[in-house]
Structures are given as C-alpha cells and as structure tokens.
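Chemist: Take this structure, written in structure tokens, and hold onto it; I'll ask about it next.
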Amino acid sequence: MNTLTLRERAELLRQLGHPVRLAILEELMKGGKCVTDIRDLLEVPQPNVSQHLTVLRQQRIVDFSEDGKLRCYYLRRPALVQALFEFISGRYPEETQNNTNNGGQVACCSTQGE
C-alpha cells in the first residue's frame, strides 16, 4: 500500500479545494458526463473544465472513456468523493466516541501516577 507523506496529503487537499473541481465532482457523483455536459452544467469555459479534469485525473480521482471524439468522465474513486462531501458538508458527529473516558473527557495520556 502506498502511503502519502504529509506534504502530498496537503497538496491533494489543496487541489480538491477548488470550487470548480468540487462542482465537477458533485456532478460526476450523479453519473458519468462528457466535457461538454460538464461545461454546460457549470457554465465554465471548456478549456477551464478540461484543465480541472486533468488535475483530478492526475490524482486518480476521475478517469475517462472515449466514445468517438467524446471523452466521458466518471469517478474512479466514488467512495473517496462521497467521504469528502460528507466531511465538508458539516454533517459529522461533533463528539468522538472512541477517545473519551467515562467522565466524558478526552483520553489521550496515561493516568498512572495520579
């Protein structure tokens, strides 16, 4: 398994953080789309859409299939994209269940010697 360094993780988050890329991923969550479909849905110039798709392909998040002259893009890692959108939606538990002791405080250190 290939583990990313902290720098690589930060770069991935930076690249995913662009509003147009998030909009592209949101559309692709609904199903595969050609560049022209994405362009029309997002009202973004085609060269701009293509540049954003290239970044997402380099991160192996999306891929494409060719149908004649059309490139139809789809999510290569749909579970990752779903988790990303759940995380950024703010719909996640405010408290962790795994890192608390019986008193409700975070259990991070040994309590020996108290």
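In the structure tokens, each chain is lettered A, B, ... as it comes, each chain's residues begin at 1, and ligands are numbered from 1 in order of appearance.
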Write out as a list in words which residues come within 12 Å of region 87-91 of chain A when counting only C-alpha atoms, dropping same-chain ones fewer than 6 positions away.
Modeler: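 Here the answer would be Leu13, Leu16, Gly17, Leu22, Leu80 and Val81 of chain A.
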Chemist: Env of Leu12 (chain A): 10 Å cut, atoms = only C-alpha atoms, seq-sep filter 5 positions within chain, self excluded. Answer as a PDB file with C-alpha atoms, in the first residue's frame.
Modeler:
```
ATOM      1  CA  LEU A   4       1.215   9.623   1.151  1.00  0.00           C
ATOM      2  CA  LEU A   6       2.021  14.919   4.860  1.00  0.00           C
ATOM      3  CA  ARG A   7       3.139  17.225   2.057  1.00  0.00           C
ATOM      4  CA  GLY A  17     -10.393  22.545  -2.598  1.00  0.00           C
ATOM      5  CA  VAL A  55      -5.836  17.743 -12.214  1.00  0.00           C
ATOM      6  CA  LEU A  56      -8.479  15.311 -10.960  1.00  0.00           C
ATOM      7  CA  GLN A  59      -4.844  12.488  -8.555  1.00  0.00           C
TER       8      GLN A  59
END
```
Chemist: My list of candidates is A:Ala83, A:Arg9, A:Pro47, A:Tyr73. Which is closest to Lys30 (chain A) when distances are computed with only C-alpha atoms?
Modeler: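 Counting only C-alpha atoms, the residue closest to Lys30 (chain A) is A:Tyr73.
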Chemist: Please provide the set of residues having any atom within 10 Å of Gly32 (chain A), restricted to only C-alpha atoms, with same-chain residues fewer than 2 positions apart removed, written as a list in words.
Modeler: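 Here the qualifying residues turn out to be Glu27, Leu28, Met29, Lys30, Cys34, Val35, Asp37, Ile38, Val62, Asp63, Phe64, Ser65, Cys72, Tyr73, Tyr74 and Leu75 of chain A.
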Chemist: CA of Gln82 (chain A) and CA of Val49 (chain A), how far apart in Å?
Modeler: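 These atoms are spaced 20.8 Å apart.
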Chemist: Using only C-alpha atoms, find the one residue out of A:His52, A:Thr3, A:Lys33, A:Arg76 that sits nearest to Pro19 (chain A).
Modeler: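 Comparing A:His52, A:Thr3, A:Lys33, A:Arg76 against Pro19 (chain A), the winner is A:His52.
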Chemist: Pull the helix (DSSP H, G or I) assignments for region 19-106 of chain A out of DSSP run on the backbone, and list those residues as a PyMOL selection string.
Modeler: chain A and resi 19-28+35-42+46-58+78-89
Chemist: Would you return as a PyMOL selection string the members of region 2-94 of chain A that DSSP assigns to strand (DSSP E or B) on this structure's backbone?
Modeler: chain A and resi 33-34+62-67+70-75
Chemist: I'd like the interatomic distance between CA of Glu86 (chain A) and CA of Gln46 (chain A), to a tenth of an Å.
Modeler: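 Computed distance, CA of Glu86 (chain A) to CA of Gln46 (chain A), equals 28.2 Å.
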Chemist: Which is closest to Val20 (chain A) among A:Thr36, A:Gln58, A:Gln51, A:Thr5, if we use only C-alpha atoms?
Modeler: A:Gln51
